[in-house]
Each structure stands twice: as C-alpha cells, then as structure tokens.
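What follows is a short report on a single structure.
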Amino acid sequence: MNKITILLILVTVLFSCKKDNNSGFDAVDKQTDLVKNTEKDKKSNSNIDKSIYTKYVYTNSKDKSLIVQNSLPKGGIKYSDPKGNEYIYAIFWTRIINETDDSIELKINFPIDSYEIPTLRGKYYKTLIPSDTMTIQKIPLFNYGLTNLEPFFDKNIDKPSSLNRIIKPKESTAFYVVVFRLIGGDQYGVLRTELSLKGQNLFYKIRDKEILCGNIEIK
C-alpha cells in the first residue's frame, strides 16, 4: 500500500469521526410559515400558521431536524406590580419539535434585567416563563389559554425565570413567555420576540436585542 493511499484512508477516517461527534445543529432554514402539513394535522396547523412569527429548521450531522416555532403576540394588557410600577405585557409561545433520534434537554434562564428598553435608559423588559405547558389546541384562546396571571406576576415579577424540559425523539414541547415593558417607554411598533439556536446555545431576541438565554444538551 503506497503512501498516498494510506494518507487518503487516514483523511477519510478523521473526517468520519469528526462528523459522528458533531452533536450540534449547524444548518438552519428560517421560514415564516409551516412547511410540513399532514392530512391529520391540517385543521390544527391552520391555527398554527396564523399565529407563527418565525420558524427555524436546524439540521444535525445525521440530517435530522430540530424545529423551533415562535408565535406572534397576544395581550397588550396593563399590569401594576405590588410596588406600583405599571407595565404592558404580551404573551408569546415557542414550540420545539424534536425530529432527531436522541432526547434533548432544554435549559432556559432569563435574568431579572436582560433587555434594556431603548427609550428608557436603565429600565428593562422583564420576561417570565409560566409553568403551564402550551399546546396547539390553546392557540385560538384568549391569551393563548393562560389564566389567573396576576397572582403569578405579583409573586415572580422581580425574580429570574427558568425552564428545564426533556424532549424525547419524535416529540415536541411548547412553553409560554410573558414579556413586560414599563408604560411610558418603547412606544414604537408591535413587539416581536423569537428563540433561536446557534450550535447548542439558545438565544432570545426582543425586537433587535438578542442575548444568550440557555442551551440544549443531547442526551
């Protein structure tokens, strides 16, 4: 066996090992509508289509996908916290569909103050993750089905918020995010948010501000 043949074999082995060990999601296709519709899901997906703001399709080294769907807002409702601060809040949901062959652990952590309001220096958006599980059946409901919110807000408005879930292969999970802004600032346009993935790190964007908020782990 000559030296060139041996070299080619070594390069092939190294490339294969590198590919197999790649547990991140590198390829991404950003879309604003749903592309996979089956006859069974057609009715529910019609509701999903109307409420989705962005959709990301991430592909791993085995060409298996992780799909992230981010909703449009519902709400625009006023809330006064126990200290007398007045906010307007909007409710969003994110759905993650695991089409891979592995379980995925989802970890999200929102600090108390993460996103400064552009027109109010030193003042921040606040983000809370209610413990309720979002389902597509709740999409047509008021506030996407969230109820009894004020006691939850009163207890958690000044606390960090987190989420930890396992998504099994071929399954999905969806969760709520409630975003607050102080009345008197950031009056331009409609609020938009989205969760996205870079490698295994999760980023949450409010308007044009994006921060690292967690990660996923392949189990």
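Labels for the structure tokens follow display order: chains A, B, ..., residues from 1 in each chain, ligands from 1.
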
request  = Output as a ChimeraX atom specification all residues of range 60-216 of chain A that backbone DSSP marks as strand (DSSP E).
outcome  = /A:65-71,74-80,86-98,104-110,115-116,124-128,161-167,171-182,193-198,201-206,209-216

Distance in Å - CA of Tyr56 in chain A versus CA of Val68 in chain A =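 We find that CA of Tyr56 in chain A and CA of Val68 in chain A lie 5.1 Å from each other.
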
ask   = With only C-alpha atoms as the basis for distance, which of A:Lys107, A:Pro130, A:Asn164, A:Glu171 is at the shortest distance from Asn148 in chain A?
value =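 Selected residue with least distance to Asn148 in chain A: A:Pro130.
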
Return as a tab-separated table the residues of range 32-140 of chain A lying at most 6 Å from range 178-182 of chain A, together with the closest atom-to-atom pair for each and the distance in Å to one decimal, counting only C-alpha atoms, with rows in chain order and ascending residue number.
residue	atom	partner	partner_atom	distance
A:Glu86	CA	A:Leu182	CA	5.9
A:Tyr87	CA	A:Leu182	CA	4.4
A:Ile88	CA	A:Arg181	CA	5.6
A:Tyr89	CA	A:Phe180	CA	4.3
A:Ala90	CA	A:Val179	CA	5.5
A:Ile91	CA	A:Val178	CA	4.6
A:Tyr125	CA	A:Arg181	CA	4.9
A:Lys126	CA	A:Phe180	CA	5.0
A:Thr127	CA	A:Val179	CA	4.6
A:Leu128	CA	A:Val178	CA	5.1

message = Env of Glu194 in chain A: 10 Å cut, atoms = only C-alpha atoms, seq-sep filter 3 positions within chain, self excluded. Answer as a PyMOL selection string.
response = chain A and resi 53-56+68-72+92-94+177+203-207+210

Shortest interatomic distance to Asn215 in chain A - which of A:Ile183, A:Met134, A:Leu141, A:Leu106, counting only C-alpha atoms =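 Smallest separation from Asn215 in chain A among the options: A:Leu106.
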
key: d(CA of Lys219 in chain A, CA of Glu99 in chain A) in Å   = 14.0 Å

Distance criterion (only C-alpha atoms): nearest to Ser172 in chain A out of A:Leu149, A:Ile67, A:Ile129, A:Ile52 =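 Residue with the minimum atom-to-atom distance to Ser172 in chain A: A:Ile67.
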
query = In Å, how far is it from CA of Lys123 in chain A to CA of Gly184 in chain A?
reply =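 The value is 10.8 Å.
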
ask   = What are the DSSP alpha helix (DSSP H) residues of range 125-154 of chain A, as a PyMOL selection string?
value = chain A and resi 149-154

Requested write-out: N, CA and C atoms of the selected residues, as a compact mmCIF listing (two decimals), in the first residue's frame:
# COMPACT_ATOMS: atom_id res chain seq x y z
N LEU A 149 -53.36 35.07 35.90
CA LEU A 149 -52.00 35.53 35.73
C LEU A 149 -51.51 36.49 36.82
N GLU A 150 -52.38 37.36 37.32
CA GLU A 150 -51.91 38.40 38.24
C GLU A 150 -51.24 37.84 39.50
N PRO A 151 -51.79 36.81 40.16
CA PRO A 151 -51.07 36.24 41.31
C PRO A 151 -49.67 35.73 40.94
N PHE A 152 -49.56 35.13 39.75
CA PHE A 152 -48.26 34.65 39.30
C PHE A 152 -47.31 35.83 39.05
N PHE A 153 -47.82 36.88 38.41
CA PHE A 153 -46.99 38.06 38.16
C PHE A 153 -46.53 38.69 39.47
N ASP A 154 -47.47 38.87 40.41
CA ASP A 154 -47.14 39.51 41.69
C ASP A 154 -46.01 38.76 42.41

inquiry  = Under the rule that only C-alpha atoms are counted, which of A:Glu217, A:Lys62, A:Gln200, A:Asp132 is the nearest residue to Thr147 in chain A?
reply    =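 Comparing A:Glu217, A:Lys62, A:Gln200, A:Asp132 against Thr147 in chain A, the winner is A:Asp132.
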
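Considering only C-alpha atoms, the residue among A:Ile136, A:Ile97, A:Val57, A:Gly76 positioned nearest to Lys198 in chain A is A:Val57.
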
task = Excluding Asn109 in chain A and residues on its chain fewer than 4 positions from it, collect all residues at most 9 Å away from it, counting only C-alpha atoms, and give them as a PyMOL selection string.
result = chain A and resi 160-164+212-214

File dump, residues just selected, all heavy atoms, as a short mmCIF file (atom, residue, chain, number, x, y, z; two decimals), in the first residue's frame:
data_model
loop_
_atom_site.label_atom_id
_atom_site.label_comp_id
_atom_site.auth_asym_id
_atom_site.auth_seq_id
_atom_site.Cartn_x
_atom_site.Cartn_y
_atom_site.Cartn_z
N PRO A 160 -35.74 35.99 38.63
CA PRO A 160 -35.33 35.37 37.36
C PRO A 160 -36.29 34.24 37.01
O PRO A 160 -37.00 33.71 37.87
CB PRO A 160 -33.92 34.83 37.67
CG PRO A 160 -33.87 34.71 39.15
CD PRO A 160 -34.77 35.77 39.71
N SER A 161 -36.36 33.88 35.76
CA SER A 161 -37.29 32.86 35.29
C SER A 161 -36.53 31.79 34.53
O SER A 161 -35.58 32.09 33.80
CB SER A 161 -38.34 33.50 34.39
OG SER A 161 -39.50 32.70 34.29
N SER A 162 -36.94 30.53 34.70
CA SER A 162 -36.20 29.44 34.06
C SER A 162 -37.13 28.33 33.61
O SER A 162 -38.29 28.24 34.02
CB SER A 162 -35.15 28.88 35.02
OG SER A 162 -35.76 28.31 36.16
N LEU A 163 -36.59 27.46 32.76
CA LEU A 163 -37.32 26.32 32.23
C LEU A 163 -36.34 25.19 31.98
O LEU A 163 -35.24 25.41 31.49
CB LEU A 163 -38.02 26.70 30.91
CG LEU A 163 -38.75 25.58 30.18
CD1 LEU A 163 -40.06 25.24 30.89
CD2 LEU A 163 -39.04 25.97 28.73
N ASN A 164 -36.76 23.98 32.34
CA ASN A 164 -35.94 22.79 32.08
C ASN A 164 -36.87 21.65 31.68
O ASN A 164 -37.70 21.22 32.47
CB ASN A 164 -35.14 22.42 33.34
CG ASN A 164 -34.04 21.42 33.03
OD1 ASN A 164 -34.28 20.40 32.40
ND2 ASN A 164 -32.83 21.69 33.49
N LEU A 212 -27.86 35.56 25.05
CA LEU A 212 -27.75 34.14 25.36
C LEU A 212 -28.66 33.84 26.54
O LEU A 212 -28.60 34.49 27.58
CB LEU A 212 -26.30 33.82 25.72
CG LEU A 212 -26.00 32.39 26.17
CD1 LEU A 212 -26.22 31.41 25.03
CD2 LEU A 212 -24.57 32.29 26.68
N CYS A 213 -29.56 32.85 26.39
CA CYS A 213 -30.52 32.57 27.46
C CYS A 213 -30.53 31.10 27.89
O CYS A 213 -31.33 30.73 28.75
CB CYS A 213 -31.93 32.99 27.02
SG CYS A 213 -32.61 31.96 25.70
N GLY A 214 -29.69 30.26 27.29
CA GLY A 214 -29.69 28.85 27.70
C GLY A 214 -29.01 27.97 26.68
O GLY A 214 -28.24 28.45 25.83
#

inquiry  = Between A:Phe175, A:Tyr144, A:Tyr79, A:Tyr115, which residue has the minimum interatomic distance to Ile157 in chain A, considering only C-alpha atoms?
reply    =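 For Ile157 in chain A, the nearest of the given residues is A:Tyr79.
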